[in-house]
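Note sheet for the following structure.
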Amino acid sequence: MASAIQKITLNGSRDIPFNKLALSQSNVRRVKSGLSIEELAADIERRGLLQSLNVRPVVDDAGVETGMFEVPAGGRRFRALELLVKQKKLAKTASVPCVVQDAHSAIPAEEDSLAENVRRVDLHPLDQFRAFRDLLEKGQTEEEIAARFFVTPAVVKQRLRLMTVSEKLLALYEEDGIRLDQLMAFSISDDHERQEQVWEILSQSHNREPYLIRRMLTEKTVRASDRRARFVGIDAYVAAGGHVLRDLFETDDGGWLNDPTLLDRLVMEKLAGAAEEIRSEGWKWVETALSFPWGHTRDFDEIDEIPVALSENNAARLEALRAEQETIEAEYAQADELPDEVDARLGEIEEQIAAIEELLATYDPIDMARAGVFVSLGNDGTLVIERGFVRPEDMSAEPEDDDTRGDDETGAHDADDDGDGTAGYSEGDEPSDAEPEEEDGLKPLSDRLLTELSAWRTLALRDAFAASPHVALTEFLHTQVRDLYWQVSGADCLEAYVREISLSVHSPDMPGSLPAHALRQRNEGWKHDLPEDEDALWRWIDGLDDTSRMALLAHCLSFGINALHESSHGPSLARSDRERLARAGRLATALRLDLAEAGWQPTVENYLGRVTKARILEAVREARGAEAADRIAHLKKGDMAREAERLLEGSGWLPEALRTKGLPVPSESDEIPDSPSAVAAE
């Protein structure tokens with residue numbers, strides 16, 4: 001005869017006055033976590049107690065029940081009720097529903113407490129989403145739902161955003177066939193067919209990371225941080241009927257614009273409007289484009305600016321802005337990364353300085369009538385306006401100038417026009433000069449950084465100059481003949497009496513660089529050969545062969561090379577700086593100076609950590625392509641700079657301020673170093 005299965009008996013429940021309850025020392029929860037007692041009390045006040053307390057009778061030494069009950073499981077609910085009693089919102093004698101355990105149970109009270117907490121399973125995110133959706137459909141707002149369940153409205157929005165995901169993918173998630181972070185990535189798009197298509201493609205691959213899902217869903221869109229979107233403005237794009245995709249689960253830099261055709265039309269319309277406004281200034285022509293190729297002004301002449309004195313208000317404002325800029329830069333000189341608000345403020349200051357400095361010069365209306373303007377879009381979404389260029393067919397219309405220019409036909413003008421690499425130096429000094437660094441439309445580099453970059457360039461120029469006696473003698477004779485016969489004044493890049501120019505402001509990597517080592521070695525070599533007294537020195541030099549004499553001449557002259565950027569406050573100083581750097585550019589071209597070959601490469605310390613994110617991305621985009629730049633676009637500035645340093649290593653990329661006219665600019669390369677950190681950061 002089969003034995004009967006013994007049935008279990010559940011513990012009984014009863015209502016017990018609150019003042020007969022006490023929190024048990026057997027309750028295992030010690031660390032506060034999750035919903036606060038105050039929030040739980042507010043929830044009980046609103047909807048009542050949803051779950052009974054688990055209690056045991058308190059017995060005396062003789063084992064007799066005392067009428068009091070301890071609470072080993074449900075301690076947080078007990079404390080919430082206790083708070084309501086203290087707040088006079090609940091009577092001390094109010095009945096509390098309790099499940100009563102046997103006072104003499106063989107199961108320890110601690111085990112009851114542990115089991116209640118360990119056996120609990122949190123609500124599945126999909127269940128939470130469906131519950132929020134049901135409440136929304138019943139008329140509750142996202143804010144009301146958030147308030148009632150003590151979560152932020154953002155959490156509610158994120159859960160409700162899962163409504164945009166395909167039911168097929170939701171079902172897959174319910175069966176643990178897809179992770180939550182992957183599901184959240186799919187919520188960027190509401191195109192269910194495309195979502196399922198992307199998942200099907202990724203199912204054949206080992207890489208199904210969220211960043212790849214987002215990239216595939218947005219591959220035909222334009223980032224809101226794109227220069228076109230920043231130029232037009234998101235509001236204008238939406239007003240024209242465009243739609244913006246947003247990612248509520250990750251920082252998306254404003255999202256993605258899913259109608260590139262509409263965006264491009266709006267960009268060209270706005271560019272055309274800007275061109276008409278600029279044409280009204282009196283220019284013969286205005287040419288617009290999203291961007292112009294490098295060296296697009298090569299065959300153009302450039303008309304001269306006419307210096308203009310600032311008004312007292314503008315002069316005072318300019319002085320105040322520069323003082324603030326210097327104070328901020330000094331305060332954060334040793335910082336690895338600028339706080340976002342400080343970085344933003346520096347950007348504002350630089351833009352305001354550039355705007356005021358544009359007032360320092362104007363153009364002759366007669367010159368303007370034969371010249372024109374290039375208008376393009378900078379990488380930060382601002383207009384890049386390059387004024388004062390004369391087309392080759394209009395050059396014959398140039399008015400006669402009785403004054404001797406003081407330069408040959410390869411002089412300062414041409415060097416400055418053609419983007420020989422010096423143009424970037426004057427970006428923060430004369431914004432109205434159409435120079436390649438401003439083609440980026442990016443915030444100007446700081447004077448300190450420009451000075452450090454130009455110190456590197458000066459050092460490399462000295463080394464190349466000293467190693468090329470022919471060029472050295474040509475430059476020396478050019479300077480002497482020019483000064484003797486033309487009496488030309490102005491700054492030069494060769495101080496003919498060879499006063500060594502101090503490079504006291506430089507980046508930490510410069511003293512150990514290849515040019516520095518070569519100059520030291522060359523100097524020590526000559527020093528070792530020199531006789532001890534002046535008369536012997538004359539006889540020694542007189543006895544050198546021509547090759548050695550030329551080499552010694554080039555070496556001595558090299559210490560007078562001055563290609564330094566100097567902070568220029570005012571039109572005369574700015575022009576002097578421009579002249580010197582243009583002549584240095586001509587010299588660099590003659591020497592075919594390649595700063596990349598000389599050993600300069602962008603690092604966090606010498607460049608990337610000291611410029612804006614837009615400039616970092618532009619550098620990576622130029623050297624490694626748009627895809628590489630997009631991979632790091634979401635990173636914080638410090639991480640972005642470090643990753644950019646890795647990506648740019650060995651690329652030969654140089655900032656505008658270090659490029660030399662006539663040398664090829666490295667094009668984007670597919671040979672990008674592997675970096676697990678870059679992928680993980682995505």
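Numbering starts fresh at 1 for the residues of each chain in the structure tokens, the chains themselves are lettered A, B, ... in the order given, and ligands are numbered from 1 as they appear.
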I need the residues in region 443-664 of chain A that are alpha helix (DSSP H) according to DSSP; give them as a PyMOL selection string.
chain A and resi 447-466+469-486+514-529+534-542+546-558+571-591+613-624+626-632+637-648
Near-region 618-620 of chain A list (7 Å; only C-alpha atoms; drop same-chain fewer than 3 positions) as a ChimeraX atom specification:
/A:614-615,623-625,628-629,644,648
In terms of only C-alpha atoms, the residue from A:Pro531, A:Pro365, A:Gly347, A:Pro664 at minimal distance from Leu445 (chain A) is A:Gly347
Ala275 (chain A): which residues within 12 Å, counting only C-alpha atoms, same-chain residues fewer than 4 positions away excluded, as a PyMOL selection string?
chain A and resi 268-271+279-289+372-377+383-387
Export, as a PDB file, in the first residue's frame, the selected residues with N, CA and C atoms.
```pdb
ATOM      1  N   MET A 268      23.715  74.625 -48.159  1.00  0.00           N
ATOM      2  CA  MET A 268      24.029  75.409 -49.349  1.00  0.00           C
ATOM      3  C   MET A 268      23.196  76.686 -49.409  1.00  0.00           C
ATOM      4  N   GLU A 269      21.949  76.607 -48.948  1.00  0.00           N
ATOM      5  CA  GLU A 269      21.111  77.809 -48.924  1.00  0.00           C
ATOM      6  C   GLU A 269      21.681  78.844 -47.959  1.00  0.00           C
ATOM      7  N   LYS A 270      22.124  78.376 -46.793  1.00  0.00           N
ATOM      8  CA  LYS A 270      22.671  79.309 -45.811  1.00  0.00           C
ATOM      9  C   LYS A 270      24.012  79.862 -46.281  1.00  0.00           C
ATOM     10  N   LEU A 271      24.831  79.026 -46.916  1.00  0.00           N
ATOM     11  CA  LEU A 271      26.098  79.501 -47.475  1.00  0.00           C
ATOM     12  C   LEU A 271      25.862  80.553 -48.553  1.00  0.00           C
ATOM     13  N   ARG A 279      29.299  89.634 -50.540  1.00  0.00           N
ATOM     14  CA  ARG A 279      29.465  90.288 -51.834  1.00  0.00           C
ATOM     15  C   ARG A 279      29.073  91.760 -51.753  1.00  0.00           C
ATOM     16  N   SER A 280      28.101  92.058 -50.893  1.00  0.00           N
ATOM     17  CA  SER A 280      27.633  93.441 -50.769  1.00  0.00           C
ATOM     18  C   SER A 280      28.692  94.363 -50.179  1.00  0.00           C
ATOM     19  N   GLU A 281      29.780  93.779 -49.634  1.00  0.00           N
ATOM     20  CA  GLU A 281      30.873  94.606 -49.120  1.00  0.00           C
ATOM     21  C   GLU A 281      31.626  95.301 -50.255  1.00  0.00           C
ATOM     22  N   GLY A 282      31.462  94.776 -51.498  1.00  0.00           N
ATOM     23  CA  GLY A 282      32.131  95.397 -52.636  1.00  0.00           C
ATOM     24  C   GLY A 282      33.097  94.495 -53.368  1.00  0.00           C
ATOM     25  N   TRP A 283      33.064  93.185 -53.090  1.00  0.00           N
ATOM     26  CA  TRP A 283      33.969  92.256 -53.748  1.00  0.00           C
ATOM     27  C   TRP A 283      33.476  91.920 -55.153  1.00  0.00           C
ATOM     28  N   LYS A 284      34.431  91.591 -56.038  1.00  0.00           N
ATOM     29  CA  LYS A 284      34.082  91.247 -57.414  1.00  0.00           C
ATOM     30  C   LYS A 284      33.385  89.897 -57.487  1.00  0.00           C
ATOM     31  N   TRP A 285      33.824  88.956 -56.671  1.00  0.00           N
ATOM     32  CA  TRP A 285      33.232  87.617 -56.701  1.00  0.00           C
ATOM     33  C   TRP A 285      33.302  86.991 -55.316  1.00  0.00           C
ATOM     34  N   VAL A 286      32.403  86.034 -55.086  1.00  0.00           N
ATOM     35  CA  VAL A 286      32.409  85.238 -53.858  1.00  0.00           C
ATOM     36  C   VAL A 286      32.177  83.787 -54.264  1.00  0.00           C
ATOM     37  N   GLU A 287      33.089  82.917 -53.879  1.00  0.00           N
ATOM     38  CA  GLU A 287      32.969  81.497 -54.217  1.00  0.00           C
ATOM     39  C   GLU A 287      32.694  80.703 -52.942  1.00  0.00           C
ATOM     40  N   THR A 288      31.689  79.817 -52.992  1.00  0.00           N
ATOM     41  CA  THR A 288      31.313  79.046 -51.805  1.00  0.00           C
ATOM     42  C   THR A 288      31.505  77.555 -52.051  1.00  0.00           C
ATOM     43  N   ALA A 289      31.775  76.827 -50.973  1.00  0.00           N
ATOM     44  CA  ALA A 289      31.877  75.365 -51.010  1.00  0.00           C
ATOM     45  C   ALA A 289      31.871  74.872 -49.575  1.00  0.00           C
ATOM     46  N   GLY A 372      38.280  88.868 -54.703  1.00  0.00           N
ATOM     47  CA  GLY A 372      37.113  88.119 -54.254  1.00  0.00           C
ATOM     48  C   GLY A 372      37.345  87.406 -52.939  1.00  0.00           C
ATOM     49  N   VAL A 373      36.375  86.562 -52.592  1.00  0.00           N
ATOM     50  CA  VAL A 373      36.346  85.926 -51.279  1.00  0.00           C
ATOM     51  C   VAL A 373      35.987  84.450 -51.432  1.00  0.00           C
ATOM     52  N   PHE A 374      36.655  83.611 -50.671  1.00  0.00           N
ATOM     53  CA  PHE A 374      36.287  82.202 -50.558  1.00  0.00           C
ATOM     54  C   PHE A 374      35.499  82.023 -49.259  1.00  0.00           C
ATOM     55  N   VAL A 375      34.334  81.402 -49.353  1.00  0.00           N
ATOM     56  CA  VAL A 375      33.502  81.153 -48.174  1.00  0.00           C
ATOM     57  C   VAL A 375      33.262  79.652 -48.074  1.00  0.00           C
ATOM     58  N   SER A 376      33.672  79.069 -46.973  1.00  0.00           N
ATOM     59  CA  SER A 376      33.494  77.633 -46.773  1.00  0.00           C
ATOM     60  C   SER A 376      33.068  77.371 -45.339  1.00  0.00           C
ATOM     61  N   LEU A 377      33.005  76.108 -45.011  1.00  0.00           N
ATOM     62  CA  LEU A 377      32.494  75.706 -43.707  1.00  0.00           C
ATOM     63  C   LEU A 377      33.620  75.109 -42.887  1.00  0.00           C
ATOM     64  N   LEU A 383      31.530  79.751 -40.243  1.00  0.00           N
ATOM     65  CA  LEU A 383      31.954  80.156 -41.582  1.00  0.00           C
ATOM     66  C   LEU A 383      33.457  80.433 -41.607  1.00  0.00           C
ATOM     67  N   VAL A 384      34.112  79.986 -42.655  1.00  0.00           N
ATOM     68  CA  VAL A 384      35.503  80.340 -42.909  1.00  0.00           C
ATOM     69  C   VAL A 384      35.490  81.322 -44.074  1.00  0.00           C
ATOM     70  N   ILE A 385      35.869  82.562 -43.807  1.00  0.00           N
ATOM     71  CA  ILE A 385      35.811  83.619 -44.820  1.00  0.00           C
ATOM     72  C   ILE A 385      37.232  84.065 -45.136  1.00  0.00           C
ATOM     73  N   GLU A 386      37.660  83.835 -46.380  1.00  0.00           N
ATOM     74  CA  GLU A 386      39.008  84.194 -46.825  1.00  0.00           C
ATOM     75  C   GLU A 386      38.882  85.329 -47.837  1.00  0.00           C
ATOM     76  N   ARG A 387      39.168  86.538 -47.392  1.00  0.00           N
ATOM     77  CA  ARG A 387      38.979  87.720 -48.229  1.00  0.00           C
ATOM     78  C   ARG A 387      40.274  88.118 -48.938  1.00  0.00           C
TER      79      ARG A 387
END
```
Near Ser52 (chain A), counting only C-alpha atoms, which residues have an atom at most 9 Å away, once you skip same-chain residues fewer than 2 positions from it, shown as a PyMOL selection string?
chain A and resi 13+49-50+54+74+77+96-99
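Within 10 Å of region 86-91 of chain A, once only C-alpha atoms are used and residues closer than 2 positions along the same chain are dropped, the contacting residues are Pro17, Phe18, Asn19, Glu45, Ala80, Leu81, Glu82, Leu83, Leu84, Thr93, Ala94 and Ser95 of chain A.
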Mind checking which residues fall within 12 Å of Ile178 (chain A), counting only C-alpha atoms, ignoring those fewer than 4 positions away in the same chain, and posting them as a list in words?
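Neighbouring residues, sequence-local ones excluded: Lys168, Leu169, Leu170, Ala171, Leu172, Tyr173, Glu174, Gln182, Leu183, Met184, Ala185, Phe186, Trp199, Leu202, Ser203, Arg208, Glu209 and Pro210 of chain A.
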Need the shell around Asp509 (chain A): protein/DNA/RNA residues with any atom at most 9 Å away, counting only C-alpha atoms. Skip same-chain ones fewer than 6 positions apart. Format as a list of chain:residue names?
A:Trp600, A:Glu605, A:Asn606
Print the selection's residues with C-alpha atoms to a file, as a short mmCIF file (atom, residue, chain, number, x, y, z; two decimals), in the first residue's frame.
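Produced file again_12.cif, reproduced below:
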```
data_model
loop_
_atom_site.label_atom_id
_atom_site.label_comp_id
_atom_site.auth_asym_id
_atom_site.auth_seq_id
_atom_site.Cartn_x
_atom_site.Cartn_y
_atom_site.Cartn_z
CA TRP A 600 58.14 66.12 -34.34
CA GLU A 605 51.79 67.01 -24.02
CA ASN A 606 52.99 69.03 -27.01
#
```
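Proximity of A:Glu312, A:Thr589, A:Ala330, A:Asp301 to Met395 (chain A), computed with only C-alpha atoms, is greatest for A:Asp301.
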Tell me, in Å to one decimal, how far CA of Leu359 (chain A) is from CA of Leu453 (chain A).
26.9 Å
Nearest candidate to Ala41 (chain A) (options A:Ala554, A:Glu357, A:Arg76, A:Asp60; using only C-alpha atoms)
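Using only C-alpha atoms, the shortest distance to Ala41 (chain A) belongs to A:Arg76.
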For Ala563 (chain A), the nearest of the candidates A:Ala361, A:Val165, A:Ala582, A:Leu449, counting only C-alpha atoms:
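Closest to Ala563 (chain A), using only C-alpha atoms: A:Ala582.
Of the listed residues A:His634, A:Arg549, A:Arg457, A:Arg159, the one whose atoms come nearest to Asp594 (chain A) is A:Arg457, with distances taken using only C-alpha atoms.
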